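Visitor: Pasting a structure here, questions to come.
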Amino acid sequence: MTPRARATVIRIVVALAVIGGIAWWLQGRDDGTSKAAAGPQGARRDAAGGEGSGGRGGGASPSGGAGGAGDRIVPVQTATAEKKDVPIWLEGLGTVAAFQQVTVRPQVDGRLDKVLFVEGQPVKQGDVLAQIDPRPFQVQLHQAQGALARDQAQLETARRNLDRYQGLRAQQLVAQQQVDEIAGQLGALEGSVKIDRAQVESAQLQLDYAQVKAPLDGITGVRLVDAGNLIKANDPTGIVVITAIHPAAVLFTVPQDRLGPVAAAMARGDVTVEVWNRDSTKQLATGKLAVLDNQVNQTTATLRLKALVPNPSRALWPNAFVKARMLVETRAGALVVPSVAIQRGPAGTYVYIVGPDKTAVMKPVTVGLLAGEQAIIEKGLGGGERVVIEGQNQLRPGGRVEQVVAKPAVAAGSAARNGSAGPVP
């Protein structure tokens with residue numbers, strides 16, 4: 001063997017010896033650690049085994065001990081089932097519509113000399129919005145007045161002639177035919193005078209139409225034509241659109257199944273309608289139901305209603321989306337619980353109440369109506385029971401419970417939920 005080969009063999013042997021030593025050291029360390037850990041655990045297992053055998057020897061059941069699952073106390077929050085007057089509301093999505101809306105159009109032809117309103121300006125009925133060149137209409141008025149004056153003078157002459165000829169006829173100095181001719185001329189002139197007066201009135205009306213006036217109280221929109229343009233009577237474009245927003249109209253829909261309560265409410269008198277913003281966080285106005293549509297929408301199976309509400313602050317704007325709540329009934333002395341207390345099972349609806357011995361009792365109930373965050377109970381409760389509103393998913397009949405006080409934030413929310421009846425779903 002060459003010296004080089006011999007050196008290589010020596011290196012391999014040394015490396016194997018080192019690896020074997022490291023392996024032996026690691027194995028010894030693991031055995032020591034395992035024994036140290038096994039000692040206390042074995043002791044605990046032996047102690048547990050002793051206790052378990054002792055317990056079994058005593059005949060105690062697994063669930064009968066003080067820490068058994070059957071005696072676990074479940075913390076719950078409760079509310080009192082109480083009798084009170086509950087307002088019943090119907091809620092529907094709707095839009096704000098203008099109470100009146102008019103496109104102001106010219107009624108005579110001419111050149112638009114002046115625009116006298118500012119876009120978005122509130123205007124009153126009769127305010128002058130624009131001025132059309134009045135000179136052509138003044139000329140027509142002068143012509144009509146001149147023709148009237150001429151025919152009135154001729155009429156006066158004819159009357160005097162008739163008086164004169166009637167006197168002569170009484171003296172048998174003229175023929176009756178001449179008197180009749182003069183009377184005919186007088187009648188024709190009287191007709192001419194009436195026509196002339198009508199022409200004067202027409203010219204005055206055309207001159208008045210040269211001033212474009214607001215036909216109603218409202219808010220002006222965007223100007224549709226500028227001064228200097230030639231405009232024509234009844235131009236479809238118009239000059240401006242005026243919208244009356246006080247009072248405002250609110251159009252909303254409810255399911256057709258609610259026709260009976262709505263019709264009954266209208267028969268009793270005025271029906272209050274509250275208008276809220278889309279997320280129901282702010283009340284915008286309160287008004288009265290004005291119209292119940294005379295047919296059901298076959299496509300959506302809904303009824304269309306219209307309410308009129310005061311809008312002096314302009315909180316409602318045409319075409320805005322809103323929610324409308326209509327008070328159709330107030331149930332006096334209804335038994336109510338928070339709607340979150342209602343549970344549903346295979347046998348129907350039920351609630352958990354806290355019994356005198358602080359155990360959970362399952363009570364089947366009949367829910368007459370869900371009014372917002374309150375449920376009206378028709379059968380199953382008598383009033384005064386403490387119903388569970390939180391923690392029901394951990395309860396079973398006969399289980400022990402403990403009433404806990406809600407955190408301030410939750411309590412405030414519960415108070416808000418129990419304060420008033422919401423819309424009927």
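Order determines the names: the first chain of the structure tokens is A, the second B, and so forth; residues in each chain are numbered 1 upward, and ligands are numbered 1 upward as they are shown.
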So which residues touch range 187-204 of chain A within 12 Å, counting only C-alpha atoms, skipping near sequence neighbours fewer than 5 positions away, as number ranges by chain?
Guide: A: 108, 134-159, 162, 180-182, 209-211
Visitor: Could you tell me, as a PyMOL selection string, which residues of range 84-266 of chain A DSSP assigns to strand (DSSP E or B) when given the backbone?
Guide: chain A and resi 84-97+100-104+110-115+122-123+128-132+211-213+218-220+230-231+240-244+248-255
Visitor: With C-alpha atoms retained, export the selected residues as a compact mmCIF listing (two decimals), in the first residue's frame.
Guide:
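Once written, selection19.txt looks like this:
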# COMPACT_ATOMS: atom_id res chain seq x y z
CA LYS A 84 -97.44 47.62 26.57
CA ASP A 85 -98.81 49.54 23.59
CA VAL A 86 -96.88 48.65 20.45
CA PRO A 87 -96.99 50.83 17.31
CA ILE A 88 -97.09 48.75 14.14
CA TRP A 89 -95.15 50.25 11.24
CA LEU A 90 -94.96 49.28 7.59
CA GLU A 91 -91.70 50.17 5.92
CA GLY A 92 -90.97 50.52 2.23
CA LEU A 93 -88.30 51.88 -0.05
CA GLY A 94 -89.24 54.99 -1.96
CA THR A 95 -88.17 58.11 -3.77
CA VAL A 96 -88.85 61.77 -3.29
CA ALA A 97 -90.93 63.38 -6.03
CA GLN A 100 -95.47 70.03 -8.68
CA GLN A 101 -93.07 70.46 -11.57
CA VAL A 102 -93.54 72.79 -14.52
CA THR A 103 -91.44 73.42 -17.62
CA VAL A 104 -91.79 77.14 -18.26
CA GLY A 110 -89.95 86.85 -30.19
CA ARG A 111 -86.43 87.59 -29.12
CA LEU A 112 -85.46 86.78 -25.56
CA ASP A 113 -84.15 90.09 -24.24
CA LYS A 114 -83.47 89.29 -20.58
CA VAL A 115 -83.23 86.32 -18.23
CA PRO A 122 -86.48 80.17 -5.07
CA VAL A 123 -89.27 81.98 -6.90
CA VAL A 128 -90.98 87.65 -13.83
CA LEU A 129 -88.42 85.13 -15.05
CA ALA A 130 -87.63 86.44 -18.53
CA GLN A 131 -88.48 89.33 -20.83
CA ILE A 132 -89.30 88.87 -24.51
CA GLN A 211 -93.05 88.79 -19.60
CA VAL A 212 -92.49 85.13 -18.75
CA LYS A 213 -93.74 84.64 -15.19
CA GLY A 218 -90.66 76.55 -6.31
CA ILE A 219 -86.99 76.26 -7.14
CA THR A 220 -85.64 77.07 -10.59
CA LEU A 230 -85.28 83.76 -30.88
CA ILE A 231 -87.89 81.66 -29.12
CA VAL A 240 -86.44 76.63 -17.23
CA VAL A 241 -88.00 73.89 -15.08
CA ILE A 242 -89.53 74.97 -11.77
CA THR A 243 -89.95 72.34 -9.08
CA ALA A 244 -92.14 72.73 -6.01
CA ALA A 248 -92.64 67.18 -0.96
CA ALA A 249 -94.19 63.99 -2.26
CA VAL A 250 -92.74 60.60 -1.31
CA LEU A 251 -93.61 57.57 -3.43
CA PHE A 252 -92.97 54.19 -1.82
CA THR A 253 -94.13 50.58 -2.08
CA VAL A 254 -95.24 47.88 0.34
CA PRO A 255 -96.12 44.22 -0.29
Visitor: Quick check, in Å to one decimal: how far apart do CA of Phe321 in chain A and CA of Arg278 in chain A lie?
Guide: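 Going from CA of Phe321 in chain A over to CA of Arg278 in chain A, I get 6.5 Å.
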Visitor: Any idea what's packed within 10 Å of Leu289 in chain A, counting only C-alpha atoms, ignoring anything in its chain fewer than 4 positions away? Could you give it as a ChimeraX atom specification?
Guide: /A:249-251,262,265-266,269-274,305-309,326-327
Visitor: Those same residues, written as a tab-separated table (two decimals), in the first residue's frame with N, CA and C atoms?
Guide:
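Below is the file again_22.tsv, written as the result:
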chain	number	residue	atom	x	y	z
A	249	ALA	N	-93.47	65.25	-2.11
A	249	ALA	CA	-94.19	63.99	-2.26
A	249	ALA	C	-93.20	62.84	-2.16
A	250	VAL	N	-93.57	61.79	-1.46
A	250	VAL	CA	-92.74	60.60	-1.31
A	250	VAL	C	-93.53	59.42	-1.85
A	251	LEU	N	-92.99	58.75	-2.85
A	251	LEU	CA	-93.61	57.57	-3.43
A	251	LEU	C	-92.87	56.34	-2.91
A	262	VAL	N	-103.41	48.65	5.47
A	262	VAL	CA	-103.30	50.01	4.96
A	262	VAL	C	-104.68	50.62	4.72
A	265	ALA	N	-106.30	51.43	7.99
A	265	ALA	CA	-105.71	52.63	8.61
A	265	ALA	C	-106.23	53.90	7.94
A	266	MET	N	-106.35	53.88	6.62
A	266	MET	CA	-106.86	55.07	5.93
A	266	MET	C	-108.33	55.31	6.26
A	269	GLY	N	-108.70	57.33	9.50
A	269	GLY	CA	-108.31	58.74	9.49
A	269	GLY	C	-106.94	58.94	8.90
A	270	ASP	N	-106.28	60.03	9.30
A	270	ASP	CA	-104.95	60.33	8.78
A	270	ASP	C	-103.95	59.26	9.21
A	271	VAL	N	-103.09	58.88	8.26
A	271	VAL	CA	-102.06	57.87	8.51
A	271	VAL	C	-100.70	58.57	8.53
A	272	THR	N	-100.00	58.47	9.64
A	272	THR	CA	-98.70	59.12	9.79
A	272	THR	C	-97.64	58.37	9.00
A	273	VAL	N	-96.81	59.13	8.29
A	273	VAL	CA	-95.70	58.56	7.52
A	273	VAL	C	-94.43	59.29	7.93
A	274	GLU	N	-93.43	58.52	8.34
A	274	GLU	CA	-92.11	59.07	8.65
A	274	GLU	C	-91.16	58.77	7.50
A	305	LEU	N	-97.78	53.76	-2.87
A	305	LEU	CA	-98.42	54.77	-2.04
A	305	LEU	C	-97.70	56.10	-2.19
A	306	LYS	N	-98.43	57.16	-1.87
A	306	LYS	CA	-97.87	58.51	-1.97
A	306	LYS	C	-98.18	59.26	-0.70
A	307	ALA	N	-97.15	59.85	-0.13
A	307	ALA	CA	-97.29	60.65	1.09
A	307	ALA	C	-96.87	62.08	0.79
A	308	LEU	N	-97.52	63.01	1.46
A	308	LEU	CA	-97.15	64.42	1.37
A	308	LEU	C	-96.56	64.84	2.71
A	309	VAL	N	-95.35	65.40	2.67
A	309	VAL	CA	-94.65	65.77	3.90
A	309	VAL	C	-94.15	67.20	3.78
A	326	MET	N	-94.79	53.80	7.77
A	326	MET	CA	-96.19	54.19	7.88
A	326	MET	C	-96.81	53.51	9.10
A	327	LEU	N	-97.40	54.31	9.97
A	327	LEU	CA	-98.04	53.78	11.17
A	327	LEU	C	-99.45	53.32	10.83
Visitor: How many Å lie between CA of Ala360 in chain A and CA of Glu373 in chain A, rounded to one decimal?
Guide: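 Straight-line distance from CA of Ala360 in chain A to CA of Glu373 in chain A works out to 22.9 Å.
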